[in-house]
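Colleague: Structure: entry_35.txt, compact mmCIF, C-alpha atoms.
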```txt
# COMPACT_ATOMS: atom_id res chain seq x y z
CA MET A 1 -10.05 4.76 -15.70
CA LEU A 2 -6.67 4.70 -17.36
CA GLN A 3 -6.52 2.49 -20.47
CA LEU A 4 -3.30 0.87 -21.60
CA THR A 5 -2.40 0.47 -25.26
CA PRO A 6 -1.93 -3.07 -26.55
CA PHE A 7 1.84 -2.48 -26.46
CA TRP A 8 1.86 -1.73 -22.72
CA SER A 9 -0.56 -4.56 -21.96
CA ARG A 10 1.70 -7.05 -23.77
CA LEU A 11 4.77 -5.61 -22.08
CA PHE A 12 3.31 -6.16 -18.63
CA TRP A 13 2.16 -9.71 -19.28
CA GLU A 14 4.82 -11.11 -21.59
CA HIS A 15 7.66 -10.28 -19.19
CA PRO A 16 7.41 -11.97 -15.81
CA PHE A 17 7.71 -9.82 -12.73
CA PRO A 18 10.90 -10.25 -10.72
CA ARG A 19 10.59 -11.92 -7.33
CA GLN A 20 11.80 -8.78 -5.56
CA PRO A 21 9.74 -6.42 -3.43
CA PRO A 22 7.78 -3.88 -5.47
CA ALA A 23 10.24 -1.08 -4.72
CA HIS A 24 12.71 -2.81 -7.04
CA HIS A 25 10.69 -3.18 -10.22
CA GLY A 26 8.53 -0.12 -10.63
CA LEU A 27 5.01 -1.23 -9.85
CA GLY A 28 5.05 -0.65 -6.14
CA ALA A 29 6.69 1.65 -3.68
CA GLU A 30 8.89 3.72 -5.96
CA VAL A 31 6.01 4.79 -8.19
CA PHE A 32 4.30 6.55 -5.28
CA LEU A 33 7.30 8.42 -3.91
CA PRO A 34 6.16 11.69 -2.37
CA GLN A 35 8.72 13.75 -4.28
CA GLU A 36 7.18 12.94 -7.65
CA SER A 37 4.87 15.37 -9.45
CA ASP A 38 1.18 15.38 -8.56
CA THR A 39 0.25 14.05 -11.98
CA GLY A 40 2.98 11.42 -11.78
CA ARG A 41 1.69 10.17 -8.41
CA GLU A 42 -1.90 10.09 -9.63
CA LEU A 43 -1.09 8.28 -12.87
CA SER A 44 1.21 5.82 -11.09
CA ILE A 45 -1.57 4.90 -8.67
CA CYS A 46 -4.07 4.55 -11.53
CA LEU A 47 -1.63 2.43 -13.52
CA PHE A 48 -0.98 0.24 -10.49
CA GLN A 49 -4.72 -0.34 -10.05
CA TYR A 50 -5.18 -1.03 -13.75
CA VAL A 51 -2.37 -3.58 -13.90
CA MET A 52 -3.66 -5.30 -10.76
CA GLY A 53 -7.07 -5.53 -12.42
CA LEU A 54 -5.59 -7.41 -15.38
CA ALA A 55 -4.46 -10.28 -13.17
CA THR A 56 -5.94 -13.70 -13.77
CA GLY A 57 -5.01 -17.23 -12.78
CA ALA A 58 -1.51 -17.66 -11.37
CA ARG A 59 -0.78 -13.96 -11.92
CA LYS A 60 -3.57 -13.15 -9.51
CA GLU A 61 -1.58 -14.63 -6.61
CA GLU A 62 1.48 -12.60 -7.62
CA MET A 63 -0.66 -9.49 -7.78
CA LYS A 64 -2.02 -10.15 -4.29
CA LYS A 65 1.54 -10.02 -3.00
CA GLU A 66 2.11 -6.75 -4.86
CA MET A 67 -1.04 -5.32 -3.33
CA TRP A 68 0.00 -6.24 0.21
CA GLU A 69 3.41 -4.65 -0.42
CA THR A 70 1.87 -1.40 -1.68
CA LEU A 71 -1.08 -1.07 0.69
CA LEU A 72 0.62 1.17 3.25
CA LEU A 73 1.81 3.58 0.57
CA LEU A 74 -1.73 3.95 -0.71
CA VAL A 75 -2.89 4.62 2.84
CA PHE A 76 -0.37 7.44 3.19
CA HIS A 77 -1.61 9.02 -0.02
CA LEU A 78 -5.19 9.10 1.22
CA ARG A 79 -4.19 12.40 2.80
CA ASP A 80 -2.10 13.69 -0.09
CA GLN A 81 -2.46 17.47 -0.36
CA LYS A 82 -3.52 17.08 -3.98
CA GLU A 83 -7.13 15.97 -4.07
CA ASN A 84 -6.76 14.04 -7.33
CA VAL A 85 -3.94 11.93 -5.84
CA ALA A 86 -5.91 11.30 -2.65
CA LYS A 87 -8.94 10.26 -4.71
CA ALA A 88 -6.83 7.90 -6.85
CA ALA A 89 -5.38 6.34 -3.67
CA GLN A 90 -8.88 5.94 -2.23
CA GLU A 91 -10.14 4.22 -5.38
CA ALA A 92 -7.07 1.96 -5.48
CA LEU A 93 -7.60 1.02 -1.82
CA CYS A 94 -11.26 0.18 -2.45
CA PHE A 95 -10.19 -1.95 -5.42
CA THR A 96 -7.50 -3.62 -3.33
CA GLY A 97 -10.00 -4.42 -0.58
CA ARG A 98 -12.31 -6.10 -3.11
CA PHE A 99 -9.42 -7.93 -4.81
CA LEU A 100 -8.09 -9.24 -1.47
CA LYS A 101 -11.63 -10.00 -0.28
CA TRP A 102 -11.00 -7.80 2.75
CA GLN A 103 -14.36 -6.12 3.34
CA GLU A 104 -13.17 -4.01 6.26
CA LEU A 105 -10.49 -2.41 4.09
CA THR A 106 -13.03 -1.62 1.38
CA GLU A 107 -15.35 0.05 3.89
CA LEU A 108 -12.60 2.03 5.59
CA ALA A 109 -11.21 3.12 2.21
CA ARG A 110 -14.64 4.37 1.11
CA THR A 111 -14.72 6.64 4.15
CA ALA A 112 -11.02 7.52 3.78
CA LYS A 113 -9.95 6.60 7.31
CA PRO A 114 -6.18 6.12 7.06
CA TRP A 115 -5.62 5.77 10.81
CA GLU A 116 -8.13 2.92 11.07
CA ILE A 117 -6.74 1.23 7.97
CA SER A 118 -3.23 1.47 9.45
CA LYS A 119 -4.38 -0.22 12.67
CA CYS A 120 -6.12 -3.00 10.75
CA LEU A 121 -3.09 -3.47 8.52
CA LEU A 122 -0.80 -3.92 11.52
CA GLU A 123 -3.23 -6.37 13.10
CA ARG A 124 -3.58 -8.38 9.92
CA LYS A 125 0.10 -8.44 8.94
CA ARG A 126 1.95 -8.55 12.27
CA ARG A 127 5.07 -10.14 10.79
CA LYS A 128 5.51 -7.30 8.29
CA THR A 129 6.09 -4.60 10.92
CA LYS A 130 9.74 -4.13 9.93
CA ASP A 131 8.76 -3.90 6.26
CA PHE A 132 6.16 -1.26 7.09
CA LEU A 133 8.71 0.70 9.04
CA HIS A 134 11.14 0.56 6.13
CA GLN A 135 8.43 1.64 3.67
CA SER A 136 7.53 4.57 5.92
CA GLU A 137 11.04 6.00 6.02
CA VAL A 138 10.88 7.73 2.64
CA TYR A 139 7.76 9.62 3.72
CA LEU A 140 9.67 11.24 6.58
CA GLN A 141 11.37 13.29 3.83
CA SER A 142 8.14 14.18 2.02
CA PRO A 143 7.71 17.81 1.01
CA GLN A 144 4.12 17.48 2.26
CA GLU A 145 3.85 18.18 5.97
CA ILE A 146 0.68 16.09 6.33
CA LEU A 147 2.44 13.01 4.92
CA ARG A 148 5.39 13.52 7.28
CA GLN A 149 3.00 13.85 10.23
CA ASP A 150 1.04 10.75 9.22
CA THR A 151 4.30 8.84 8.87
CA VAL A 152 5.39 9.80 12.38
CA ARG A 153 1.96 8.76 13.71
CA PHE A 154 2.21 5.45 11.90
CA ILE A 155 5.70 4.79 13.26
CA GLY A 156 4.30 5.54 16.72
CA LEU A 157 1.49 3.07 16.05
CA ILE A 158 4.11 0.46 15.13
CA GLY A 159 5.81 1.12 18.48
CA GLN A 160 2.53 0.62 20.33
CA HIS A 161 1.83 -2.52 18.35
CA VAL A 162 5.27 -3.98 19.13
CA ASP A 163 4.84 -3.18 22.84
CA GLU A 164 1.42 -4.88 22.90
CA CYS A 165 2.83 -7.97 21.16
CA ARG A 166 5.72 -8.20 23.62
CA THR A 167 3.37 -7.79 26.58
CA THR A 168 1.09 -10.51 25.23
CA GLU A 169 4.04 -12.86 24.70
CA TYR A 170 5.32 -12.12 28.21
CA ILE A 171 1.91 -12.92 29.70
CA LYS A 172 1.66 -16.15 27.70
CA GLN A 173 5.10 -17.24 28.93
CA GLY A 174 4.02 -16.73 32.51
CA GLU A 175 0.96 -18.96 32.17
```
What's the structure tokens form of this structure?

Modeller:
Amino acid sequence: MLQLTPFWSRLFWEHPFPRQPPAHHGLGAEVFLPQESDTGRELSICLFQYVMGLATGARKEEMKKEMWETLLLLVFHLRDQKENVAKAAQEALCFTGRFLKWQELTELARTAKPWEISKCLLERKRRKTKDFLHQSEVYLQSPQEILRQDTVRFIGLIGQHVDECRTTEYIKQGE
């Protein structure tokens, strides 16, 4: 596990995190961008997990939000072509599942089932569909074919999910 020096630990905890989505302050989406080096992606994921593990008290609630915002990106990297990055994403997802007390995520992450995790994520966070779609966009430009394919599949899953929600609402209105 990556260890931070006292300087970095103080830096993370003495300066409050902005109230913006993770893509704007360096702990979330932008640190996992598919164009980054293999080592950069792996270390970013490890650092993210480490920082999340430092959370206590009120910071823990902030970190939960960060985890929800970054979850999809970790799922995409489960199938990263570099095994070390995929393993780091898997470990971070297992950690996230335990931190969020979401047992199903922990189990699915242990078996590295990104498709199943994606379905559960959409079920659990229905209102974040647009956010997930926005997060996915950058992966359409990934140099890794498998990440581009998984992104297209996920966007298709979003379409199915939206159709199911609309059908359910239509049926409820008719009752």

Colleague: Of the residues A:Met67, A:Leu54, A:Leu47, A:Leu157, which is the one nearest to Trp115 of chain A, using only C-alpha atoms?

Modeller: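 Result for the nearest residue to Trp115 of chain A: A:Leu157.
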
Colleague: Smallest atom-to-atom distance to Thr70 of chain A: which of A:Ala112, A:Ile155, A:Ser37, A:Thr96, using only C-alpha atoms?

Modeller: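 Of A:Ala112, A:Ile155, A:Ser37, A:Thr96, the one nearest Thr70 of chain A, counting only C-alpha atoms, is A:Thr96.
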
Colleague: Would you mind telling me which residue in A:Arg79, A:Lys101, A:Lys87, A:Arg126 lies nearest to Thr151 of chain A when using all atoms listed in the file?

Modeller: A:Arg79

Colleague: Taking only C-alpha atoms into account, name the residue in A:Glu137, A:Glu83, A:Lys60, A:Ala89 that is nearest to Phe48 of chain A.

Modeller: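 So, comparing all the options, the nearest one is A:Ala89.
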
Colleague: From the list A:Arg148, A:Arg153, A:Arg59, A:Arg98, which residue is nearest Lys119 of chain A when using only C-alpha atoms?

Modeller: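 Of all the options, A:Arg153 lies closest to Lys119 of chain A.
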
Colleague: Here is a test: counting all atoms listed in the file, which residue of A:Phe99, A:Glu66, A:Gln81, A:Phe76 is nearest to Asp38 of chain A?

Modeller: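 For Asp38 of chain A, the nearest of the given residues is A:Gln81.
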
Colleague: Give me the box for segment 96-106 of chain A as AutoDock Vina command-line options, namely the centre and edge lengths in Å to one decimal of a box along x, y and z that holds every listed atom plus 6 Å on each side.

Modeller:
```
--center_x -10.9 --center_y -5.8 --center_z 0.7 --size_x 18.9 --size_y 20.4 --size_z 23.1
```

Colleague: Near segment 128-130 of chain A, within 7 Å and counting all atoms listed in the file, which residues show up once chain neighbours fewer than 4 positions away are dropped, as a list in words?

Modeller: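 Contacts, in chain order: Leu122, His134 and Ile158 of chain A.
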
Colleague: Can you work out the spacing between atom CA of Leu140 of chain A and atom CA of Leu73 of chain A in Å, to one decimal?

Modeller: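 Taking atom CA of Leu140 of chain A as the start and atom CA of Leu73 of chain A as the end point, the length is 12.5 Å.
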